[in-house]
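First up is the structure itself, then whatever we jot down about it.
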Amino acid sequence: MLHLSLFLIFGAICITGAINLLVQRHPINSALSLVVVMGSLAVEYLLLGAEFVAAVQVIVYAGAVMVLFVFVIMLLNAGEEEQTSGSRVAILFGIPGMIIGSVLLAWVLVARSGTGEVALGALPGSPRSIARLLFRDFLLPFEVTSVLVLIAIMGAVVLAARPEAVEHTKKEG
Amino acid sequence: MAPIGTLHYLVIAAALFVLGVIGVLTRRNVVIILMSIELILNAVNLNLVAFSRIWGLHGQVFSIFIITDAAAEAAVGLGILIAFFRNKETVNVDEIDLLKW
């Protein structure tokens with residue numbers, strides 16, 4: 001009962017935040033509603049029993065990534081975006097297509113609804129068992145991911161640095 | 001009331017995914033497009049964690065990998081945005097036409 005109400009409340013907050021992200025005109029409001037989405041998704045992960053993923057979600061997404069977004073929004077001083085009138089072709093084909101797509105999706109989901117139920121904390125998602133998988137079965141992908149993150153950091157620094165600064169380092173090195 | 005099934009989580013994930021796709025396709029601000037991509041990745045994560053209840057913990061490990069990739073993608077995307085803004089003083093996608101012949 002508690003589980004169901006928590007699921008419904010935070011699911012509704014999550015969807016509302018996502019809709020608000022699209023409706024808001026100013027990027028900073030969108031960023032704040034994205035934080036709401038991330039936080040409520042973390043609660044949904046907790047309800048599934050995935051404690052470690054919930055913690056990582058809060059730390060990495062709601063913490064680091066969103067700070068990056070807000071920082072860039074402040075840095076660029078991007079104002080409200082002006083709206084353009086939507087194309088008529090999109091309205092003509094998009095709305096029937098959306099209705100057909102959602103009916104198909106609902107039909108598939110209802111037809112395959114025998115996927116079992118979830119109890120509070122049903123998953124053995126403790127950091128211990130995840131670490132055992134991550135550092136034993138998935139050790140090579142883990143190391144490759146660390147190389148990927150290193151390359152991404154270097155790429156971001158090179159892209160965001162001023163051209164003169166890059167030239168200067170080239171001459172010195 | 002009915003107990004919560006994997007289906008319920010799939011519905012939320014599908015809604016998040018569709019909202020993210022709508023954001024990517026309709027907004028003009030690059031920052032908001034990047035945020036919509038984050039929404040899509042989060043929908044995938046929710047699916048993986050919901051299915052990991054049935055198929056074992058591998059789904060959660062994959063979702064951690066996806067979170068790492070999303071952070072890397074956000075860093076590189078925002079770096080490109082800053083480099084572009086320095087050249088053209090705009091963040092609108094319909095004004096990004098440097099490669100247009």
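Chain labels follow the order of the structure tokens: the first chain is A, the next B, and so on; residue numbering restarts at 1 in every chain, and ligands are counted from 1 in their shown order.
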
message: What's around Ala15 (chain B) at 10 Å? Count only C-alpha atoms, leave out sequence neighbours fewer than 3 positions away in its own chain, and write the answer as a VMD selection string.
response: (chain A and resid 14 to 15 18 to 19 102) or (chain B and resid 9 to 12 18 to 21 40 43)

Write out the residues from the selection above, keeping C-alpha atoms, as a PDB file, in the first residue's frame.
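Below is the file that was written, part19.pdb:
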ATOM      1  CA  CYS A  14       8.611  12.462 -12.677  1.00  0.00           C
ATOM      2  CA  ILE A  15       6.248  12.780 -15.656  1.00  0.00           C
ATOM      3  CA  ALA A  18       9.492  16.029 -17.801  1.00  0.00           C
ATOM      4  CA  ILE A  19       6.472  17.842 -19.271  1.00  0.00           C
ATOM      5  CA  SER A 102       0.404   5.082 -28.353  1.00  0.00           C
TER       6      SER A 102
ATOM      7  CA  TYR B   9       7.810   0.957 -14.577  1.00  0.00           C
ATOM      8  CA  LEU B  10       7.785   0.300 -18.326  1.00  0.00           C
ATOM      9  CA  VAL B  11       4.896   2.738 -18.735  1.00  0.00           C
ATOM     10  CA  ILE B  12       6.793   5.505 -16.908  1.00  0.00           C
ATOM     11  CA  VAL B  18       8.464   9.928 -25.726  1.00  0.00           C
ATOM     12  CA  LEU B  19       8.789  13.260 -23.886  1.00  0.00           C
ATOM     13  CA  GLY B  20      12.529  13.228 -24.534  1.00  0.00           C
ATOM     14  CA  VAL B  21      12.006  12.561 -28.256  1.00  0.00           C
ATOM     15  CA  ILE B  40      15.867   9.472 -23.066  1.00  0.00           C
ATOM     16  CA  ALA B  43      14.118   6.124 -19.618  1.00  0.00           C
TER      17      ALA B  43
END

- request: Might you pull out every residue within 10 Å of region 25-34 of chain B, with only C-alpha atoms counted and same-chain residues fewer than 2 positions away left off, and present them as number ranges by chain?
  value: A: 21-28, 30-31, 34, 69-70, 72-73, 78-84, 86; B: 19-23, 36-40, 73-74, 77-78, 81, 90-96

Selected residues written out with C-alpha atoms, as a PDB file, in the first residue's frame:
ATOM      1  CA  LEU A  21      10.975  20.688 -18.966  1.00  0.00           C
ATOM      2  CA  LEU A  22       9.430  20.855 -22.429  1.00  0.00           C
ATOM      3  CA  VAL A  23       6.921  23.603 -21.661  1.00  0.00           C
ATOM      4  CA  GLN A  24       9.274  26.088 -19.960  1.00  0.00           C
ATOM      5  CA  ARG A  25      10.767  28.711 -22.259  1.00  0.00           C
ATOM      6  CA  HIS A  26      13.801  29.606 -20.187  1.00  0.00           C
ATOM      7  CA  PRO A  27      16.622  27.023 -20.042  1.00  0.00           C
ATOM      8  CA  ILE A  28      17.249  27.481 -16.315  1.00  0.00           C
ATOM      9  CA  SER A  30      14.072  23.416 -17.687  1.00  0.00           C
ATOM     10  CA  ALA A  31      17.285  22.508 -15.874  1.00  0.00           C
ATOM     11  CA  LEU A  34      15.274  18.040 -14.920  1.00  0.00           C
ATOM     12  CA  PHE A  69      24.210  22.187 -17.316  1.00  0.00           C
ATOM     13  CA  VAL A  70      23.384  25.074 -14.985  1.00  0.00           C
ATOM     14  CA  VAL A  72      26.827  26.396 -19.052  1.00  0.00           C
ATOM     15  CA  ILE A  73      23.413  28.081 -19.033  1.00  0.00           C
ATOM     16  CA  ALA A  78      20.996  32.206 -22.954  1.00  0.00           C
ATOM     17  CA  GLY A  79      17.658  33.971 -22.806  1.00  0.00           C
ATOM     18  CA  GLU A  80      14.196  32.742 -23.636  1.00  0.00           C
ATOM     19  CA  GLU A  81      13.879  31.150 -27.017  1.00  0.00           C
ATOM     20  CA  GLU A  82      11.315  32.545 -29.430  1.00  0.00           C
ATOM     21  CA  GLN A  83       8.682  30.184 -30.718  1.00  0.00           C
ATOM     22  CA  THR A  84       8.123  29.433 -34.357  1.00  0.00           C
ATOM     23  CA  GLY A  86       4.589  24.642 -36.143  1.00  0.00           C
TER      24      GLY A  86
ATOM     25  CA  LEU B  19       8.789  13.260 -23.886  1.00  0.00           C
ATOM     26  CA  GLY B  20      12.529  13.228 -24.534  1.00  0.00           C
ATOM     27  CA  VAL B  21      12.006  12.561 -28.256  1.00  0.00           C
ATOM     28  CA  ILE B  22       9.455  15.392 -28.427  1.00  0.00           C
ATOM     29  CA  GLY B  23      11.978  17.704 -26.774  1.00  0.00           C
ATOM     30  CA  SER B  36      16.018  15.866 -23.560  1.00  0.00           C
ATOM     31  CA  ILE B  37      18.726  13.376 -24.527  1.00  0.00           C
ATOM     32  CA  GLU B  38      19.374  12.911 -20.805  1.00  0.00           C
ATOM     33  CA  LEU B  39      15.651  12.181 -20.378  1.00  0.00           C
ATOM     34  CA  ILE B  40      15.867   9.472 -23.066  1.00  0.00           C
ATOM     35  CA  GLU B  73      28.276  12.897 -23.444  1.00  0.00           C
ATOM     36  CA  ALA B  74      27.027  15.930 -21.508  1.00  0.00           C
ATOM     37  CA  GLY B  77      28.211  18.252 -25.883  1.00  0.00           C
ATOM     38  CA  LEU B  78      28.420  21.311 -23.654  1.00  0.00           C
ATOM     39  CA  LEU B  81      28.261  24.268 -27.426  1.00  0.00           C
ATOM     40  CA  THR B  90      23.866  31.723 -30.649  1.00  0.00           C
ATOM     41  CA  VAL B  91      22.521  28.523 -29.109  1.00  0.00           C
ATOM     42  CA  ASN B  92      19.718  27.885 -31.589  1.00  0.00           C
ATOM     43  CA  VAL B  93      20.015  24.743 -33.688  1.00  0.00           C
ATOM     44  CA  ASP B  94      18.453  26.327 -36.769  1.00  0.00           C
ATOM     45  CA  GLU B  95      21.243  28.903 -36.858  1.00  0.00           C
ATOM     46  CA  ILE B  96      23.984  26.259 -36.689  1.00  0.00           C
TER      47      ILE B  96
END

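Of note, CA of Glu164 (chain A) and CA of Ser146 (chain A) are spaced 29.5 Å apart.
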
- request: Report the residues of chain A whose backbone DSSP state falls under alpha helix (DSSP H), written as a VMD selection string.
  value: chain A and resid 2 to 23 27 to 48 51 to 56 66 to 76 88 to 111 127 to 132 139 to 160 163 to 172

Writer output for current selection, C-alpha atoms, as a CSV table (one decimal), in the first residue's frame:
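Output (result-v5.csv):
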chain,number,residue,atom,x,y,z
A,2,LEU,CA,2.7,2.4,1.0
A,3,HIS,CA,4.8,1.1,-1.9
A,4,LEU,CA,2.0,1.7,-4.4
A,5,SER,CA,1.3,5.3,-3.2
A,6,LEU,CA,5.0,6.1,-3.2
A,7,PHE,CA,5.3,4.7,-6.7
A,8,LEU,CA,2.3,6.7,-8.0
A,9,ILE,CA,3.3,10.0,-6.3
A,10,PHE,CA,6.9,9.9,-7.5
A,11,GLY,CA,5.9,8.6,-11.0
A,12,ALA,CA,3.5,11.5,-11.3
A,13,ILE,CA,6.2,14.0,-10.2
A,14,CYS,CA,8.6,12.5,-12.7
A,15,ILE,CA,6.2,12.8,-15.7
A,16,THR,CA,5.1,16.3,-14.6
A,17,GLY,CA,8.7,17.4,-14.3
A,18,ALA,CA,9.5,16.0,-17.8
A,19,ILE,CA,6.5,17.8,-19.3
A,20,ASN,CA,7.5,21.0,-17.5
A,21,LEU,CA,11.0,20.7,-19.0
A,22,LEU,CA,9.4,20.9,-22.4
A,23,VAL,CA,6.9,23.6,-21.7
A,27,PRO,CA,16.6,27.0,-20.0
A,28,ILE,CA,17.2,27.5,-16.3
A,29,ASN,CA,13.7,26.5,-15.5
A,30,SER,CA,14.1,23.4,-17.7
A,31,ALA,CA,17.3,22.5,-15.9
A,32,LEU,CA,15.6,22.7,-12.5
A,33,SER,CA,12.7,20.5,-13.6
A,34,LEU,CA,15.3,18.0,-14.9
A,35,VAL,CA,16.7,17.9,-11.4
A,36,VAL,CA,13.1,17.1,-10.1
A,37,VAL,CA,12.9,14.3,-12.7
A,38,MET,CA,16.3,12.8,-11.7
A,39,GLY,CA,15.4,12.9,-8.0
A,40,SER,CA,12.0,11.2,-8.4
A,41,LEU,CA,13.6,8.6,-10.6
A,42,ALA,CA,16.1,7.9,-7.8
A,43,VAL,CA,13.1,7.2,-5.5
A,44,GLU,CA,11.7,4.8,-8.1
A,45,TYR,CA,15.0,3.0,-8.2
A,46,LEU,CA,14.9,2.7,-4.4
A,47,LEU,CA,11.4,1.3,-4.7
A,48,LEU,CA,12.8,-1.4,-7.0
A,51,GLU,CA,20.0,1.2,-3.7
A,52,PHE,CA,23.3,1.6,-5.4
A,53,VAL,CA,21.9,2.8,-8.7
A,54,ALA,CA,19.7,5.3,-6.8
A,55,ALA,CA,22.7,6.7,-5.0
A,56,VAL,CA,24.7,7.0,-8.2
A,66,MET,CA,23.1,19.1,-13.6
A,67,VAL,CA,25.8,21.4,-12.2
A,68,LEU,CA,27.5,21.3,-15.6
A,69,PHE,CA,24.2,22.2,-17.3
A,70,VAL,CA,23.4,25.1,-15.0
A,71,PHE,CA,27.0,26.3,-15.2
A,72,VAL,CA,26.8,26.4,-19.1
A,73,ILE,CA,23.4,28.1,-19.0
A,74,MET,CA,24.7,30.8,-16.7
A,75,LEU,CA,27.9,31.1,-18.8
A,76,LEU,CA,26.2,31.5,-22.1
A,88,ARG,CA,1.1,22.1,-41.0
A,89,VAL,CA,2.5,18.8,-42.3
A,90,ALA,CA,3.7,17.9,-38.7
A,91,ILE,CA,0.2,18.5,-37.4
A,92,LEU,CA,-1.5,16.6,-40.3
A,93,PHE,CA,0.7,13.5,-39.9
A,94,GLY,CA,2.0,13.8,-36.4
A,95,ILE,CA,-1.2,13.7,-34.4
A,96,PRO,CA,-2.7,10.5,-36.1
A,97,GLY,CA,0.8,8.9,-36.0
A,98,MET,CA,1.0,9.7,-32.3
A,99,ILE,CA,-2.4,8.2,-31.6
A,100,ILE,CA,-1.6,5.0,-33.6
A,101,GLY,CA,1.8,4.7,-31.9
A,102,SER,CA,0.4,5.1,-28.4
A,103,VAL,CA,-2.5,2.6,-29.0
A,104,LEU,CA,0.0,0.1,-30.3
A,105,LEU,CA,2.3,0.6,-27.3
A,106,ALA,CA,-0.6,0.3,-24.9
A,107,TRP,CA,-1.8,-2.9,-26.6
A,108,VAL,CA,1.7,-4.5,-26.5
A,109,LEU,CA,2.1,-3.5,-22.8
A,110,VAL,CA,-1.3,-4.8,-21.8
A,111,ALA,CA,-0.9,-8.0,-23.8
A,127,PRO,CA,26.7,-2.2,-3.5
A,128,ARG,CA,28.4,-5.5,-2.5
A,129,SER,CA,26.7,-7.6,-5.1
A,130,ILE,CA,27.0,-4.9,-7.8
A,131,ALA,CA,30.7,-4.5,-7.1
A,132,ARG,CA,31.2,-8.2,-7.4
A,139,LEU,CA,36.1,-5.7,-15.5
A,140,LEU,CA,37.1,-5.1,-19.1
A,141,PRO,CA,34.1,-2.9,-19.9
A,142,PHE,CA,34.7,-1.0,-16.7
A,143,GLU,CA,38.3,-0.3,-17.7
A,144,VAL,CA,37.3,0.7,-21.2
A,145,THR,CA,34.7,3.0,-19.7
A,146,SER,CA,37.4,4.7,-17.7
A,147,VAL,CA,39.4,5.3,-20.9
A,148,LEU,CA,36.2,6.7,-22.5
A,149,VAL,CA,35.7,9.2,-19.6
A,150,LEU,CA,39.3,10.2,-19.8
A,151,ILE,CA,39.0,10.9,-23.5
A,152,ALA,CA,35.7,12.8,-22.9
A,153,ILE,CA,37.4,15.0,-20.3
A,154,MET,CA,40.3,15.8,-22.6
A,155,GLY,CA,37.9,16.5,-25.5
A,156,ALA,CA,35.7,18.8,-23.3
A,157,VAL,CA,38.8,20.8,-22.1
A,158,VAL,CA,40.2,21.2,-25.7
A,159,LEU,CA,36.8,22.2,-27.1
A,160,ALA,CA,36.0,24.7,-24.3
A,163,PRO,CA,41.9,29.0,-29.2
A,164,GLU,CA,44.7,31.3,-28.1
A,165,ALA,CA,45.3,29.2,-25.0
A,166,VAL,CA,45.5,26.0,-27.2
A,167,GLU,CA,48.0,27.7,-29.5
A,168,HIS,CA,50.1,28.8,-26.6
A,169,THR,CA,50.4,25.3,-25.2
A,170,LYS,CA,51.3,24.0,-28.6
A,171,LYS,CA,54.2,26.4,-28.9
A,172,GLU,CA,55.4,25.6,-25.4

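One distance worth recording is that between CA of Gly56 (chain B) and CA of Val58 (chain A), which is 22.7 Å.
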
- request: List the neighbours of Leu48 (chain B) out to 12 Å using only C-alpha atoms; skip same-chain residues closer than 4 positions along the sequence, and give me the result as number ranges by chain.
  value: A: 45, 48, 50, 53; B: 6, 9-10, 13, 41-44, 52-67

Could you save the residues just selected, with N, CA, C and O atoms, as an mmCIF file, in the first residue's frame?
data_model
loop_
_atom_site.group_PDB
_atom_site.id
_atom_site.type_symbol
_atom_site.label_atom_id
_atom_site.label_comp_id
_atom_site.auth_asym_id
_atom_site.auth_seq_id
_atom_site.Cartn_x
_atom_site.Cartn_y
_atom_site.Cartn_z
ATOM 1 N N TYR A 45 14.008 4.029 -8.283
ATOM 2 C CA TYR A 45 15.033 2.986 -8.193
ATOM 3 C C TYR A 45 15.068 2.383 -6.797
ATOM 4 O O TYR A 45 15.190 1.167 -6.639
ATOM 5 N N LEU A 48 12.441 -0.088 -6.387
ATOM 6 C CA LEU A 48 12.783 -1.354 -7.027
ATOM 7 C C LEU A 48 13.831 -2.116 -6.228
ATOM 8 O O LEU A 48 14.119 -3.262 -6.550
ATOM 9 N N ALA A 50 16.993 -1.066 -5.970
ATOM 10 C CA ALA A 50 18.316 -0.813 -6.515
ATOM 11 C C ALA A 50 18.939 0.358 -5.778
ATOM 12 O O ALA A 50 18.945 1.481 -6.255
ATOM 13 N N VAL A 53 22.190 2.040 -7.520
ATOM 14 C CA VAL A 53 21.874 2.842 -8.708
ATOM 15 C C VAL A 53 21.181 4.136 -8.294
ATOM 16 O O VAL A 53 21.431 5.202 -8.872
ATOM 17 N N THR B 6 6.335 -4.943 -13.132
ATOM 18 C CA THR B 6 7.341 -4.372 -14.017
ATOM 19 C C THR B 6 6.693 -3.481 -15.057
ATOM 20 O O THR B 6 7.252 -2.475 -15.487
ATOM 21 N N TYR B 9 6.551 0.247 -14.336
ATOM 22 C CA TYR B 9 7.810 0.957 -14.577
ATOM 23 C C TYR B 9 8.023 1.159 -16.070
ATOM 24 O O TYR B 9 8.526 2.193 -16.504
ATOM 25 N N LEU B 10 7.619 0.154 -16.877
ATOM 26 C CA LEU B 10 7.785 0.300 -18.326
ATOM 27 C C LEU B 10 6.941 1.445 -18.846
ATOM 28 O O LEU B 10 7.364 2.164 -19.764
ATOM 29 N N ALA B 13 8.747 4.625 -18.085
ATOM 30 C CA ALA B 13 9.923 4.754 -18.945
ATOM 31 C C ALA B 13 9.509 5.136 -20.357
ATOM 32 O O ALA B 13 10.143 5.984 -20.993
ATOM 33 N N LEU B 41 17.985 8.841 -22.023
ATOM 34 C CA LEU B 41 18.905 7.893 -21.384
ATOM 35 C C LEU B 41 18.345 7.426 -20.041
ATOM 36 O O LEU B 41 18.499 6.268 -19.656
ATOM 37 N N ASN B 42 17.666 8.346 -19.327
ATOM 38 C CA ASN B 42 17.068 7.950 -18.054
ATOM 39 C C ASN B 42 15.945 6.954 -18.241
ATOM 40 O O ASN B 42 15.756 6.063 -17.409
ATOM 41 N N ALA B 43 15.184 7.097 -19.341
ATOM 42 C CA ALA B 43 14.118 6.124 -19.618
ATOM 43 C C ALA B 43 14.722 4.742 -19.825
ATOM 44 O O ALA B 43 14.219 3.731 -19.300
ATOM 45 N N VAL B 44 15.841 4.692 -20.576
ATOM 46 C CA VAL B 44 16.520 3.405 -20.787
ATOM 47 C C VAL B 44 16.982 2.825 -19.461
ATOM 48 O O VAL B 44 16.831 1.624 -19.199
ATOM 49 N N SER B 52 16.006 -5.794 -14.475
ATOM 50 C CA SER B 52 17.008 -6.526 -13.704
ATOM 51 C C SER B 52 16.362 -7.254 -12.532
ATOM 52 O O SER B 52 16.973 -8.144 -11.953
ATOM 53 N N ARG B 53 15.119 -6.895 -12.172
ATOM 54 C CA ARG B 53 14.417 -7.657 -11.147
ATOM 55 C C ARG B 53 14.137 -9.076 -11.618
ATOM 56 O O ARG B 53 14.146 -10.020 -10.840
ATOM 57 N N ILE B 54 13.882 -9.226 -12.929
ATOM 58 C CA ILE B 54 13.564 -10.550 -13.460
ATOM 59 C C ILE B 54 14.823 -11.292 -13.877
ATOM 60 O O ILE B 54 14.969 -12.481 -13.613
ATOM 61 N N TRP B 55 15.736 -10.584 -14.525
ATOM 62 C CA TRP B 55 16.848 -11.269 -15.196
ATOM 63 C C TRP B 55 18.156 -11.175 -14.444
ATOM 64 O O TRP B 55 19.208 -11.455 -15.003
ATOM 65 N N GLY B 56 18.178 -10.698 -13.212
ATOM 66 C CA GLY B 56 19.430 -10.643 -12.480
ATOM 67 C C GLY B 56 20.058 -9.267 -12.517
ATOM 68 O O GLY B 56 19.571 -8.367 -13.201
ATOM 69 N N LEU B 57 21.172 -9.133 -11.826
ATOM 70 C CA LEU B 57 21.724 -7.808 -11.555
ATOM 71 C C LEU B 57 22.415 -7.157 -12.732
ATOM 72 O O LEU B 57 22.825 -6.003 -12.632
ATOM 73 N N HIS B 58 22.581 -7.877 -13.856
ATOM 74 C CA HIS B 58 23.338 -7.319 -14.966
ATOM 75 C C HIS B 58 22.738 -6.001 -15.445
ATOM 76 O O HIS B 58 23.470 -5.099 -15.855
ATOM 77 N N GLY B 59 21.415 -5.890 -15.387
ATOM 78 C CA GLY B 59 20.766 -4.662 -15.827
ATOM 79 C C GLY B 59 21.236 -3.455 -15.033
ATOM 80 O O GLY B 59 21.445 -2.380 -15.595
ATOM 81 N N GLN B 60 21.432 -3.635 -13.721
ATOM 82 C CA GLN B 60 21.883 -2.495 -12.908
ATOM 83 C C GLN B 60 23.308 -2.104 -13.270
ATOM 84 O O GLN B 60 23.646 -0.915 -13.297
ATOM 85 N N VAL B 61 24.158 -3.103 -13.566
ATOM 86 C CA VAL B 61 25.530 -2.779 -13.963
ATOM 87 C C VAL B 61 25.507 -1.997 -15.275
ATOM 88 O O VAL B 61 26.206 -0.993 -15.434
ATOM 89 N N PHE B 62 24.648 -2.441 -16.209
ATOM 90 C CA PHE B 62 24.530 -1.708 -17.481
ATOM 91 C C PHE B 62 24.062 -0.289 -17.243
ATOM 92 O O PHE B 62 24.528 0.654 -17.891
ATOM 93 N N SER B 63 23.118 -0.114 -16.308
ATOM 94 C CA SER B 63 22.602 1.238 -16.080
ATOM 95 C C SER B 63 23.703 2.136 -15.502
ATOM 96 O O SER B 63 23.738 3.330 -15.801
ATOM 97 N N ILE B 64 24.617 1.558 -14.718
ATOM 98 C CA ILE B 64 25.738 2.374 -14.218
ATOM 99 C C ILE B 64 26.640 2.786 -15.368
ATOM 100 O O ILE B 64 27.091 3.940 -15.449
ATOM 101 N N PHE B 65 26.878 1.860 -16.311
ATOM 102 C CA PHE B 65 27.659 2.221 -17.491
ATOM 103 C C PHE B 65 26.978 3.340 -18.270
ATOM 104 O O PHE B 65 27.638 4.271 -18.763
ATOM 105 N N ILE B 66 25.657 3.259 -18.398
ATOM 106 C CA ILE B 66 24.930 4.284 -19.153
ATOM 107 C C ILE B 66 25.028 5.636 -18.458
ATOM 108 O O ILE B 66 25.185 6.674 -19.103
ATOM 109 N N ILE B 67 24.973 5.638 -17.111
ATOM 110 C CA ILE B 67 25.105 6.906 -16.382
ATOM 111 C C ILE B 67 26.475 7.517 -16.658
ATOM 112 O O ILE B 67 26.610 8.726 -16.905
#

query: Which is closest to chain A among B:Val76, B:His8, B:Phe51, B:Lys100, if we use only C-alpha atoms?
result: B:Val76
